[in-house]
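K.L.:
Next up, query08.pdb (PDB, C-alpha atoms, pLDDT in the B column).
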```
MODEL        1
ATOM      1  CA  MET A   1       0.000   0.000   0.000  1.00 74.00           C
ATOM      2  CA  ILE A   2       2.745   2.462   0.967  1.00 79.00           C
ATOM      3  CA  GLU A   3       4.702   1.607  -2.172  1.00 82.00           C
ATOM      4  CA  THR A   4       1.628   2.158  -4.348  1.00 89.00           C
ATOM      5  CA  LEU A   5       0.936   5.560  -2.771  1.00 85.00           C
ATOM      6  CA  ASN A   6       4.590   6.533  -3.131  1.00 89.00           C
ATOM      7  CA  ALA A   7       4.583   5.578  -6.814  1.00 92.00           C
ATOM      8  CA  LEU A   8       1.402   7.595  -7.388  1.00 94.00           C
ATOM      9  CA  ASP A   9       2.952  10.538  -5.560  1.00 95.00           C
ATOM     10  CA  HIS A  10       5.989  10.396  -7.873  1.00 95.00           C
ATOM     11  CA  GLU A  11       3.768  10.294 -10.970  1.00 95.00           C
ATOM     12  CA  LEU A  12       1.731  13.276  -9.815  1.00 95.00           C
ATOM     13  CA  MET A  13       4.921  15.166  -9.031  1.00 96.00           C
ATOM     14  CA  LEU A  14       6.282  14.638 -12.536  1.00 95.00           C
ATOM     15  CA  TRP A  15       2.952  15.754 -14.007  1.00 95.00           C
ATOM     16  CA  LEU A  16       2.555  18.898 -11.869  1.00 95.00           C
ATOM     17  CA  ASN A  17       6.184  20.042 -11.885  1.00 96.00           C
ATOM     18  CA  TYR A  18       7.335  21.486 -15.201  1.00 93.00           C
ATOM     19  CA  ASP A  19       9.468  24.205 -16.748  1.00 94.00           C
ATOM     20  CA  GLY A  20       7.115  27.135 -17.281  1.00 89.00           C
ATOM     21  CA  GLY A  21       9.785  29.505 -18.511  1.00 89.00           C
ATOM     22  CA  THR A  22      11.268  32.652 -16.996  1.00 86.00           C
ATOM     23  CA  PHE A  23       7.959  34.341 -16.245  1.00 82.00           C
ATOM     24  CA  GLN A  24       6.382  31.434 -14.356  1.00 86.00           C
ATOM     25  CA  ASP A  25       9.660  30.644 -12.593  1.00 90.00           C
ATOM     26  CA  ALA A  26       9.802  34.159 -11.183  1.00 85.00           C
ATOM     27  CA  PHE A  27       6.069  34.249 -10.414  1.00 84.00           C
ATOM     28  CA  TRP A  28       5.925  31.011  -8.413  1.00 89.00           C
ATOM     29  CA  TYR A  29       9.225  31.738  -6.675  1.00 90.00           C
ATOM     30  CA  ILE A  30       7.997  35.160  -5.508  1.00 84.00           C
ATOM     31  CA  LEU A  31       4.596  33.767  -4.500  1.00 84.00           C
ATOM     32  CA  SER A  32       6.270  31.171  -2.290  1.00 89.00           C
ATOM     33  CA  GLN A  33       8.003  33.850  -0.207  1.00 85.00           C
ATOM     34  CA  ILE A  34       6.245  34.880   3.004  1.00 80.00           C
ATOM     35  CA  LEU A  35       7.068  38.577   2.480  1.00 76.00           C
ATOM     36  CA  SER A  36       4.912  38.632  -0.645  1.00 75.00           C
ATOM     37  CA  TRP A  37       1.803  38.103   1.466  1.00 79.00           C
ATOM     38  CA  ILE A  38       2.369  40.860   4.028  1.00 80.00           C
ATOM     39  CA  PRO A  39      -0.599  42.915   2.640  1.00 76.00           C
ATOM     40  CA  LEU A  40      -2.865  39.925   3.277  1.00 80.00           C
ATOM     41  CA  TYR A  41      -1.604  39.455   6.836  1.00 85.00           C
ATOM     42  CA  ILE A  42      -2.047  43.160   7.586  1.00 82.00           C
ATOM     43  CA  THR A  43      -5.592  42.963   6.210  1.00 80.00           C
ATOM     44  CA  ILE A  44      -6.408  40.004   8.462  1.00 85.00           C
ATOM     45  CA  ILE A  45      -5.168  41.926  11.514  1.00 87.00           C
ATOM     46  CA  PHE A  46      -7.341  44.877  10.489  1.00 82.00           C
ATOM     47  CA  VAL A  47     -10.330  42.544  10.088  1.00 81.00           C
ATOM     48  CA  MET A  48      -9.766  41.148  13.568  1.00 85.00           C
ATOM     49  CA  PHE A  49      -9.469  44.649  15.017  1.00 85.00           C
ATOM     50  CA  SER A  50     -12.732  45.603  13.313  1.00 80.00           C
ATOM     51  CA  ASP A  51     -14.346  42.432  14.609  1.00 78.00           C
ATOM     52  CA  ALA A  52     -13.300  43.080  18.207  1.00 81.00           C
ATOM     53  CA  PHE A  53     -14.528  46.659  18.204  1.00 77.00           C
ATOM     54  CA  ARG A  54     -17.843  45.983  16.445  1.00 68.00           C
ATOM     55  CA  THR A  55     -19.046  42.817  18.181  1.00 52.00           C
ATOM     56  CA  VAL A  56     -18.780  44.052  21.776  1.00 44.00           C
ATOM     57  CA  TRP A  57     -21.509  46.639  21.622  1.00 41.00           C
ATOM     58  CA  PRO A  58     -21.429  49.792  23.826  1.00 42.00           C
ATOM     59  CA  SER A  59     -24.150  50.504  26.302  1.00 40.00           C
ATOM     60  CA  TYR A  60     -26.514  53.487  26.279  1.00 35.00           C
ATOM     61  CA  SER A  61     -27.636  55.780  29.059  1.00 40.00           C
ATOM     62  CA  PRO A  62     -31.356  56.165  29.883  1.00 42.00           C
ATOM     63  CA  HIS A  63     -31.282  59.371  27.798  1.00 41.00           C
ATOM     64  CA  GLY A  64     -30.015  57.564  24.721  1.00 39.00           C
ATOM     65  CA  GLU A  65     -26.451  58.817  25.014  1.00 40.00           C
ATOM     66  CA  LEU A  66     -23.637  56.507  23.994  1.00 37.00           C
ATOM     67  CA  GLN A  67     -21.574  55.271  26.909  1.00 42.00           C
ATOM     68  CA  VAL A  68     -18.460  53.196  26.462  1.00 42.00           C
ATOM     69  CA  GLY A  69     -17.653  51.967  29.937  1.00 45.00           C
ATOM     70  CA  GLY A  70     -14.335  50.627  31.114  1.00 49.00           C
ATOM     71  CA  ASN A  71     -15.705  47.069  31.120  1.00 69.00           C
ATOM     72  CA  GLN A  72     -16.786  47.365  27.484  1.00 73.00           C
ATOM     73  CA  LYS A  73     -13.412  48.763  26.444  1.00 74.00           C
ATOM     74  CA  GLN A  74     -11.670  45.987  28.334  1.00 82.00           C
ATOM     75  CA  LYS A  75     -13.732  43.305  26.583  1.00 82.00           C
ATOM     76  CA  ARG A  76     -13.002  44.815  23.194  1.00 83.00           C
ATOM     77  CA  TRP A  77      -9.273  44.743  23.793  1.00 87.00           C
ATOM     78  CA  MET A  78      -9.503  41.277  25.327  1.00 89.00           C
ATOM     79  CA  LYS A  79     -11.228  39.981  22.208  1.00 89.00           C
ATOM     80  CA  PHE A  80      -8.685  41.576  19.888  1.00 91.00           C
ATOM     81  CA  ILE A  81      -5.799  40.142  21.923  1.00 92.00           C
ATOM     82  CA  LEU A  82      -7.471  36.722  21.923  1.00 93.00           C
ATOM     83  CA  LEU A  83      -7.827  36.836  18.133  1.00 93.00           C
ATOM     84  CA  LEU A  84      -4.144  37.729  17.684  1.00 95.00           C
ATOM     85  CA  LEU A  85      -3.069  35.177  20.286  1.00 96.00           C
ATOM     86  CA  PHE A  86      -4.957  32.306  18.674  1.00 96.00           C
ATOM     87  CA  THR A  87      -3.675  33.306  15.225  1.00 96.00           C
ATOM     88  CA  ALA A  88      -0.106  33.139  16.537  1.00 96.00           C
ATOM     89  CA  LEU A  89      -0.773  29.859  18.365  1.00 96.00           C
ATOM     90  CA  ILE A  90      -2.223  28.213  15.257  1.00 97.00           C
ATOM     91  CA  PHE A  91       0.840  29.280  13.259  1.00 94.00           C
ATOM     92  CA  ALA A  92       3.123  28.011  16.032  1.00 95.00           C
ATOM     93  CA  PHE A  93       1.381  24.643  16.323  1.00 96.00           C
ATOM     94  CA  THR A  94       1.218  23.966  12.580  1.00 97.00           C
ATOM     95  CA  ASP A  95       4.857  24.939  12.142  1.00 95.00           C
ATOM     96  CA  ARG A  96       6.200  23.040  15.161  1.00 95.00           C
ATOM     97  CA  ILE A  97       4.146  19.899  14.530  1.00 96.00           C
ATOM     98  CA  SER A  98       5.095  19.783  10.847  1.00 96.00           C
ATOM     99  CA  ALA A  99       8.728  20.924  10.979  1.00 94.00           C
ATOM    100  CA  GLY A 100       9.678  20.031  14.540  1.00 93.00           C
ATOM    101  CA  ILE A 101       7.962  16.667  14.976  1.00 95.00           C
ATOM    102  CA  ILE A 102       6.680  15.014  11.784  1.00 96.00           C
ATOM    103  CA  LYS A 103       9.525  15.872   9.391  1.00 96.00           C
ATOM    104  CA  PRO A 104      12.391  14.478  11.531  1.00 94.00           C
ATOM    105  CA  LEU A 105      10.222  11.546  12.671  1.00 95.00           C
ATOM    106  CA  VAL A 106       9.118  10.427   9.190  1.00 94.00           C
ATOM    107  CA  ALA A 107      12.358  11.599   7.507  1.00 93.00           C
ATOM    108  CA  ARG A 108      10.952  11.461   3.978  1.00 94.00           C
ATOM    109  CA  SER A 109      13.252  13.155   1.483  1.00 94.00           C
ATOM    110  CA  ARG A 110      12.012  16.109  -0.503  1.00 96.00           C
ATOM    111  CA  PRO A 111      11.718  15.465  -4.241  1.00 96.00           C
ATOM    112  CA  SER A 112      14.674  17.837  -4.629  1.00 95.00           C
ATOM    113  CA  HIS A 113      16.749  15.404  -2.507  1.00 95.00           C
ATOM    114  CA  ASP A 114      15.218  12.145  -3.742  1.00 93.00           C
ATOM    115  CA  LEU A 115      17.748  10.414  -6.015  1.00 92.00           C
ATOM    116  CA  SER A 116      15.011   8.490  -7.823  1.00 92.00           C
ATOM    117  CA  ILE A 117      13.289  11.614  -9.163  1.00 95.00           C
ATOM    118  CA  MET A 118      15.392  14.744  -8.648  1.00 93.00           C
ATOM    119  CA  ASP A 119      17.069  14.559 -12.062  1.00 94.00           C
ATOM    120  CA  GLN A 120      13.660  14.656 -13.765  1.00 95.00           C
ATOM    121  CA  LEU A 121      12.425  17.776 -12.006  1.00 96.00           C
ATOM    122  CA  HIS A 122      12.550  21.484 -12.745  1.00 95.00           C
ATOM    123  CA  PHE A 123      14.048  23.742 -10.056  1.00 96.00           C
ATOM    124  CA  VAL A 124      14.118  27.535  -9.781  1.00 94.00           C
ATOM    125  CA  ASN A 125      17.138  29.623  -8.747  1.00 91.00           C
ATOM    126  CA  ASP A 126      18.872  26.431  -7.573  1.00 92.00           C
ATOM    127  CA  TYR A 127      16.493  26.319  -4.608  1.00 94.00           C
ATOM    128  CA  HIS A 128      16.159  22.811  -3.123  1.00 94.00           C
ATOM    129  CA  GLY A 129      14.976  23.355   0.465  1.00 92.00           C
ATOM    130  CA  GLY A 130      15.924  21.233   3.463  1.00 91.00           C
ATOM    131  CA  ALA A 131      16.432  17.486   3.471  1.00 93.00           C
ATOM    132  CA  TYR A 132      12.927  16.428   4.570  1.00 95.00           C
ATOM    133  CA  GLY A 133       9.578  17.456   3.134  1.00 94.00           C
ATOM    134  CA  PHE A 134       6.815  15.437   4.831  1.00 95.00           C
ATOM    135  CA  VAL A 135       4.621  17.172   5.824  1.00 95.00           C
ATOM    136  CA  SER A 136       4.708  20.530   4.083  1.00 96.00           C
ATOM    137  CA  SER A 137       4.979  23.355   6.624  1.00 95.00           C
ATOM    138  CA  HIS A 138       3.836  25.802   3.949  1.00 94.00           C
ATOM    139  CA  ALA A 139       0.617  23.816   3.467  1.00 96.00           C
ATOM    140  CA  ALA A 140       0.043  23.393   7.199  1.00 97.00           C
ATOM    141  CA  ASN A 141       0.615  27.081   7.947  1.00 96.00           C
ATOM    142  CA  CYS A 142      -1.440  28.424   5.036  1.00 94.00           C
ATOM    143  CA  PHE A 143      -4.423  26.129   5.517  1.00 97.00           C
ATOM    144  CA  GLY A 144      -4.262  26.590   9.277  1.00 97.00           C
ATOM    145  CA  LEU A 145      -4.641  30.346   8.808  1.00 95.00           C
ATOM    146  CA  ALA A 146      -7.217  29.987   6.026  1.00 94.00           C
ATOM    147  CA  THR A 147      -9.360  27.596   8.098  1.00 96.00           C
ATOM    148  CA  TRP A 148      -9.132  29.759  11.227  1.00 95.00           C
ATOM    149  CA  VAL A 149     -10.163  32.947   9.402  1.00 92.00           C
ATOM    150  CA  SER A 150     -12.871  31.133   7.411  1.00 91.00           C
ATOM    151  CA  CYS A 151     -14.401  29.703  10.604  1.00 92.00           C
ATOM    152  CA  LEU A 152     -14.390  33.149  12.212  1.00 89.00           C
ATOM    153  CA  TYR A 153     -16.035  34.962   9.290  1.00 83.00           C
ATOM    154  CA  LYS A 154     -18.261  32.616   7.313  1.00 80.00           C
ATOM    155  CA  ARG A 155     -18.623  34.569   4.071  1.00 77.00           C
ATOM    156  CA  ARG A 156     -18.338  32.825   0.717  1.00 80.00           C
ATOM    157  CA  SER A 157     -16.200  35.461  -0.984  1.00 75.00           C
ATOM    158  CA  LEU A 158     -13.899  35.748   2.038  1.00 77.00           C
ATOM    159  CA  VAL A 159     -13.491  31.968   2.296  1.00 84.00           C
ATOM    160  CA  THR A 160     -12.761  31.830  -1.443  1.00 84.00           C
ATOM    161  CA  ALA A 161     -10.021  34.451  -1.091  1.00 82.00           C
ATOM    162  CA  MET A 162      -8.417  32.651   1.844  1.00 87.00           C
ATOM    163  CA  MET A 163      -8.526  29.267   0.133  1.00 90.00           C
ATOM    164  CA  MET A 164      -7.057  30.769  -3.028  1.00 87.00           C
ATOM    165  CA  TYR A 165      -4.189  32.144  -0.939  1.00 86.00           C
ATOM    166  CA  ALA A 166      -3.571  28.680   0.551  1.00 92.00           C
ATOM    167  CA  VAL A 167      -3.859  26.737  -2.708  1.00 93.00           C
ATOM    168  CA  LEU A 168      -1.541  29.079  -4.633  1.00 90.00           C
ATOM    169  CA  ASN A 169       1.060  28.875  -1.885  1.00 92.00           C
ATOM    170  CA  CYS A 170       0.856  25.093  -1.839  1.00 95.00           C
ATOM    171  CA  TYR A 171       1.152  24.657  -5.587  1.00 95.00           C
ATOM    172  CA  SER A 172       4.169  26.973  -5.658  1.00 94.00           C
ATOM    173  CA  ARG A 173       6.032  24.396  -3.557  1.00 96.00           C
ATOM    174  CA  ILE A 174       5.320  21.676  -6.117  1.00 97.00           C
ATOM    175  CA  TYR A 175       6.317  23.922  -9.011  1.00 96.00           C
ATOM    176  CA  LEU A 176       9.592  24.743  -7.253  1.00 96.00           C
ATOM    177  CA  GLY A 177      10.234  21.018  -6.875  1.00 96.00           C
ATOM    178  CA  VAL A 178      10.558  20.984  -3.084  1.00 96.00           C
ATOM    179  CA  HIS A 179       7.389  19.088  -2.092  1.00 97.00           C
ATOM    180  CA  PHE A 180       5.554  16.012  -3.324  1.00 97.00           C
ATOM    181  CA  PRO A 181       1.755  16.340  -3.708  1.00 96.00           C
ATOM    182  CA  GLY A 182       1.449  13.919  -0.769  1.00 96.00           C
ATOM    183  CA  ASP A 183       3.447  16.316   1.411  1.00 97.00           C
ATOM    184  CA  ILE A 184       1.004  19.068   0.483  1.00 97.00           C
ATOM    185  CA  ILE A 185      -2.141  16.997   1.042  1.00 96.00           C
ATOM    186  CA  CYS A 186      -1.064  15.792   4.489  1.00 96.00           C
ATOM    187  CA  GLY A 187       0.140  19.282   5.433  1.00 97.00           C
ATOM    188  CA  THR A 188      -3.255  20.614   4.352  1.00 97.00           C
ATOM    189  CA  ILE A 189      -5.066  18.115   6.600  1.00 97.00           C
ATOM    190  CA  LEU A 190      -2.839  19.101   9.525  1.00 97.00           C
ATOM    191  CA  GLY A 191      -3.479  22.806   8.903  1.00 97.00           C
ATOM    192  CA  ILE A 192      -7.258  22.373   8.648  1.00 97.00           C
ATOM    193  CA  LEU A 193      -7.333  20.380  11.895  1.00 97.00           C
ATOM    194  CA  CYS A 194      -5.222  22.966  13.759  1.00 97.00           C
ATOM    195  CA  GLY A 195      -7.289  25.864  12.416  1.00 97.00           C
ATOM    196  CA  TRP A 196     -10.571  24.169  13.324  1.00 96.00           C
ATOM    197  CA  ILE A 197      -9.424  23.099  16.808  1.00 96.00           C
ATOM    198  CA  GLY A 198      -8.069  26.605  17.386  1.00 96.00           C
ATOM    199  CA  TYR A 199     -11.463  28.050  16.489  1.00 95.00           C
ATOM    200  CA  LEU A 200     -13.262  25.702  18.896  1.00 94.00           C
ATOM    201  CA  CYS A 201     -10.874  26.645  21.707  1.00 94.00           C
ATOM    202  CA  TYR A 202     -11.324  30.330  20.896  1.00 93.00           C
ATOM    203  CA  THR A 203     -15.119  30.129  21.169  1.00 91.00           C
ATOM    204  CA  ARG A 204     -14.766  28.301  24.494  1.00 91.00           C
ATOM    205  CA  PHE A 205     -12.488  31.051  25.825  1.00 88.00           C
ATOM    206  CA  CYS A 206     -14.972  33.692  24.685  1.00 87.00           C
ATOM    207  CA  GLN A 207     -17.769  31.917  26.547  1.00 86.00           C
ATOM    208  CA  ARG A 208     -15.752  31.758  29.754  1.00 86.00           C
ATOM    209  CA  LEU A 209     -14.744  35.406  29.544  1.00 82.00           C
ATOM    210  CA  ASP A 210     -18.259  36.491  28.535  1.00 80.00           C
ATOM    211  CA  ILE A 211     -16.993  37.971  25.270  1.00 80.00           C
ATOM    212  CA  PRO A 212     -19.268  37.780  22.192  1.00 72.00           C
ATOM    213  CA  SER A 213     -17.789  35.492  19.553  1.00 68.00           C
ATOM    214  CA  ASN A 214     -20.509  36.200  16.973  1.00 57.00           C
ATOM    215  CA  LYS A 215     -19.444  37.554  13.593  1.00 55.00           C
ATOM    216  CA  THR A 216     -21.155  40.911  13.100  1.00 50.00           C
ATOM    217  CA  VAL A 217     -18.448  42.554  11.021  1.00 51.00           C
ATOM    218  CA  ASN A 218     -19.722  44.024   7.757  1.00 54.00           C
ATOM    219  CA  PRO A 219     -18.540  41.482   5.136  1.00 52.00           C
ATOM    220  CA  LEU A 220     -18.152  43.955   2.272  1.00 57.00           C
ATOM    221  CA  PRO A 221     -15.066  45.910   3.452  1.00 55.00           C
ATOM    222  CA  ILE A 222     -13.467  42.679   4.681  1.00 57.00           C
ATOM    223  CA  THR A 223     -13.930  40.985   1.328  1.00 61.00           C
ATOM    224  CA  LEU A 224     -12.803  44.046  -0.625  1.00 64.00           C
ATOM    225  CA  MET A 225      -9.652  44.382   1.490  1.00 61.00           C
ATOM    226  CA  LEU A 226      -8.793  40.696   1.174  1.00 62.00           C
ATOM    227  CA  TRP A 227      -9.130  40.793  -2.584  1.00 66.00           C
ATOM    228  CA  ALA A 228      -7.213  44.097  -2.641  1.00 66.00           C
ATOM    229  CA  SER A 229      -4.360  42.388  -0.810  1.00 63.00           C
ATOM    230  CA  LEU A 230      -4.357  39.613  -3.426  1.00 65.00           C
ATOM    231  CA  LEU A 231      -4.235  42.304  -6.113  1.00 68.00           C
ATOM    232  CA  ALA A 232      -1.376  44.007  -4.263  1.00 65.00           C
ATOM    233  CA  PHE A 233       0.527  40.731  -4.424  1.00 63.00           C
ATOM    234  CA  ALA A 234      -0.131  40.448  -8.167  1.00 67.00           C
ATOM    235  CA  VAL A 235       1.151  44.002  -8.759  1.00 67.00           C
ATOM    236  CA  TYR A 236       4.216  43.291  -6.618  1.00 63.00           C
ATOM    237  CA  ALA A 237       4.891  40.058  -8.506  1.00 60.00           C
ATOM    238  CA  VAL A 238       4.640  41.731 -11.922  1.00 64.00           C
ATOM    239  CA  PHE A 239       6.909  44.558 -10.727  1.00 62.00           C
ATOM    240  CA  MET A 240       9.531  42.050  -9.527  1.00 58.00           C
ATOM    241  CA  LEU A 241       9.325  40.062 -12.742  1.00 56.00           C
ATOM    242  CA  PHE A 242      10.498  43.027 -14.785  1.00 60.00           C
ATOM    243  CA  GLN A 243      13.361  44.051 -12.521  1.00 56.00           C
TER     244      GLN A 243
ENDMDL
END
```
Mind converting the file's structure to structure tokens?

P.N.:
Amino acid sequence: MIETLNALDHELMLWLNYDGGTFQDAFWYILSQILSWIPLYITIIFVMFSDAFRTVWPSYSPHGELQVGGNQKQKRWMKFILLLLFTALIFAFTDRISAGIIKPLVARSRPSHDLSIMDQLHFVNDYHGGAYGFVSSHAANCFGLATWVSCLYKRRSLVTAMMMYAVLNCYSRIYLGVHFPGDIICGTILGILCGWIGYLCYTRFCQRLDIPSNKTVNPLPITLMLWASLLAFAVYAVFMLFQ
């Protein structure tokens, strides 16, 4: 069974990895870098800030005047800190489990270090990655974040943007020749599990602290900003391609 899956993984790798020329080489190489997605990460932080300060509603005086008491302010900041904390924890868990535990334990060579296939693959800028590739930390991290954000804000367009971010990142690793499809699939499963468990723990914390975990953020500006960040990446990529 393991040999059959490994053979299928090799076949898929040879089919999905190819020489796309200078333009695609530069595009997928840039897309794989974490710095390229900074606009998206900044947008997510803004979304979480908006969420925290819109879901904990202020109280009103008997005369209809807006009153933002110290307790309300405290809950707003507590929710924002919780959102950032769980985002960081999900990243930490997906990265440590994939890179710190599974990779050295399984010790499966990356395709770029696998003698049976490396000579048949296309590599970019002589980039080969570390020795082990199972599971993909890129896939675990990206799908962990995408699942976490998608669970928080259940909007179709937002979920589509987050999943596109994760899928593009994952395929870039195959194009660069540093991960088998199996590495990506298992990393994706790990990321989805961590993101989902993180969301469940977050809602439990909100219940204990009496902080609303409902999603009342206006979806339009969130969606527009997420897609704007994807566009910002595209502009950045095109700019870098012609340097």

K.L.:
For A:Ala166, which residue among A:Phe46, A:Phe93, A:Phe27, A:Trp37 is the nearest when counting all atoms listed in the file?

P.N.:
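Ranked by minimum distance to A:Ala166, first place goes to A:Trp37.
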
K.L.:
Near stretch 180-187 of chain A, counting only C-alpha atoms, which residues have an atom at most 8 Å away, once you skip same-chain residues fewer than 3 positions from it, shown as a PDB file with C-alpha atoms, in the frame of the given file?

P.N.:
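Below is the file selection_14.pdb, written as the result:
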```pdb
ATOM      1  CA  ASP A   9       2.952  10.538  -5.560  1.00 95.00           C
ATOM      2  CA  HIS A  10       5.989  10.396  -7.873  1.00 95.00           C
ATOM      3  CA  LEU A  12       1.731  13.276  -9.815  1.00 95.00           C
ATOM      4  CA  MET A  13       4.921  15.166  -9.031  1.00 96.00           C
ATOM      5  CA  SER A  98       5.095  19.783  10.847  1.00 96.00           C
ATOM      6  CA  ARG A 110      12.012  16.109  -0.503  1.00 96.00           C
ATOM      7  CA  PRO A 111      11.718  15.465  -4.241  1.00 96.00           C
ATOM      8  CA  GLY A 133       9.578  17.456   3.134  1.00 94.00           C
ATOM      9  CA  PHE A 134       6.815  15.437   4.831  1.00 95.00           C
ATOM     10  CA  VAL A 135       4.621  17.172   5.824  1.00 95.00           C
ATOM     11  CA  SER A 136       4.708  20.530   4.083  1.00 96.00           C
ATOM     12  CA  SER A 137       4.979  23.355   6.624  1.00 95.00           C
ATOM     13  CA  HIS A 138       3.836  25.802   3.949  1.00 94.00           C
ATOM     14  CA  ALA A 139       0.617  23.816   3.467  1.00 96.00           C
ATOM     15  CA  ALA A 140       0.043  23.393   7.199  1.00 97.00           C
ATOM     16  CA  CYS A 170       0.856  25.093  -1.839  1.00 95.00           C
ATOM     17  CA  ILE A 174       5.320  21.676  -6.117  1.00 97.00           C
ATOM     18  CA  GLY A 177      10.234  21.018  -6.875  1.00 96.00           C
ATOM     19  CA  LEU A 190      -2.839  19.101   9.525  1.00 97.00           C
ATOM     20  CA  GLY A 191      -3.479  22.806   8.903  1.00 97.00           C
TER      21      GLY A 191
END
```

K.L.:
Can you give me, as a list in words, the residues this file yields under the PyMOL selection byres ((chain A and resi 49) around 9)?

P.N.:
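For this structure, the PyMOL selection byres ((chain A and resi 49) around 9) resolves to Ile44, Ile45, Phe46, Val47, Met48, Ser50, Asp51, Ala52, Phe53, Arg54, Arg76, Trp77, Lys79, Phe80 and Leu83 of chain A.
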
K.L.:
What lies within 7 Å of A:Phe86 using all atoms listed in the file, ignoring chain neighbours under 4 positions off, as a list in words?

P.N.:
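What passes the distance filter is Leu82, Ile90 and Gly198 of chain A.
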
K.L.:
Could you state which residues are captured by the PyMOL selection byres ((chain A and resi 147) around 9) in this file, as an MDAnalysis selection string?

P.N.:
chainID A and resid 142:146 148:152 159 162:163 191:196 199

K.L.:
Measure the distance from atom CA of A:Leu35 to atom CA of A:Tyr165 in Å and round it to one decimal.

P.N.:
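Taking atom CA of A:Leu35 and atom CA of A:Tyr165, their separation equals 13.4 Å.
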
K.L.:
What does the structure give for the distance between atom CA of A:Asp95 and atom CA of A:Asp126, in Å to one decimal?

P.N.:
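It comes out at 24.2 Å.
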
K.L.:
Quick check, in Å to one decimal: how far apart do atom CA of A:Pro39 and atom CA of A:Ala92 lie?

P.N.:
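Computing the Euclidean distance for atom CA of A:Pro39 and atom CA of A:Ala92 yields 20.4 Å.
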
K.L.:
Name the residues that the PyMOL selection byres ((chain A and resi 122) around 8) picks from the file above, as a list in words, using the file's chain letters and numbers.

P.N.:
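Selected by the PyMOL selection byres ((chain A and resi 122) around 8) in this file: Asn17, Tyr18, Asp19, Gln120, Leu121, Phe123, Val124, Tyr175, Leu176 and Gly177 of chain A.
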
K.L.:
Take stretch 74-85 of chain A, bring it up to N, CA and C atoms, and give me the output as a tab-separated table (two decimals), keeping the file's coordinate frame.

P.N.:
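Output file result.tsv follows:
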```tsv
chain	number	residue	atom	x	y	z
A	74	GLN	N	-12.52	47.10	27.96
A	74	GLN	CA	-11.67	45.99	28.33
A	74	GLN	C	-12.02	44.73	27.53
A	75	LYS	N	-13.32	44.48	27.35
A	75	LYS	CA	-13.73	43.30	26.58
A	75	LYS	C	-13.34	43.42	25.12
A	76	ARG	N	-13.41	44.62	24.59
A	76	ARG	CA	-13.00	44.82	23.19
A	76	ARG	C	-11.53	44.47	23.00
A	77	TRP	N	-10.70	45.02	23.90
A	77	TRP	CA	-9.27	44.74	23.79
A	77	TRP	C	-8.96	43.28	24.09
A	78	MET	N	-9.70	42.69	25.01
A	78	MET	CA	-9.50	41.28	25.33
A	78	MET	C	-9.80	40.41	24.11
A	79	LYS	N	-10.88	40.76	23.39
A	79	LYS	CA	-11.23	39.98	22.21
A	79	LYS	C	-10.17	40.14	21.12
A	80	PHE	N	-9.71	41.35	20.91
A	80	PHE	CA	-8.68	41.58	19.89
A	80	PHE	C	-7.40	40.82	20.23
A	81	ILE	N	-7.01	40.86	21.49
A	81	ILE	CA	-5.80	40.14	21.92
A	81	ILE	C	-5.99	38.64	21.77
A	82	LEU	N	-7.19	38.14	22.09
A	82	LEU	CA	-7.47	36.72	21.92
A	82	LEU	C	-7.36	36.30	20.45
A	83	LEU	N	-7.89	37.14	19.57
A	83	LEU	CA	-7.83	36.84	18.13
A	83	LEU	C	-6.38	36.76	17.66
A	84	LEU	N	-5.56	37.74	18.06
A	84	LEU	CA	-4.14	37.73	17.68
A	84	LEU	C	-3.42	36.55	18.31
A	85	LEU	N	-3.73	36.27	19.58
A	85	LEU	CA	-3.07	35.18	20.29
A	85	LEU	C	-3.35	33.84	19.63
```
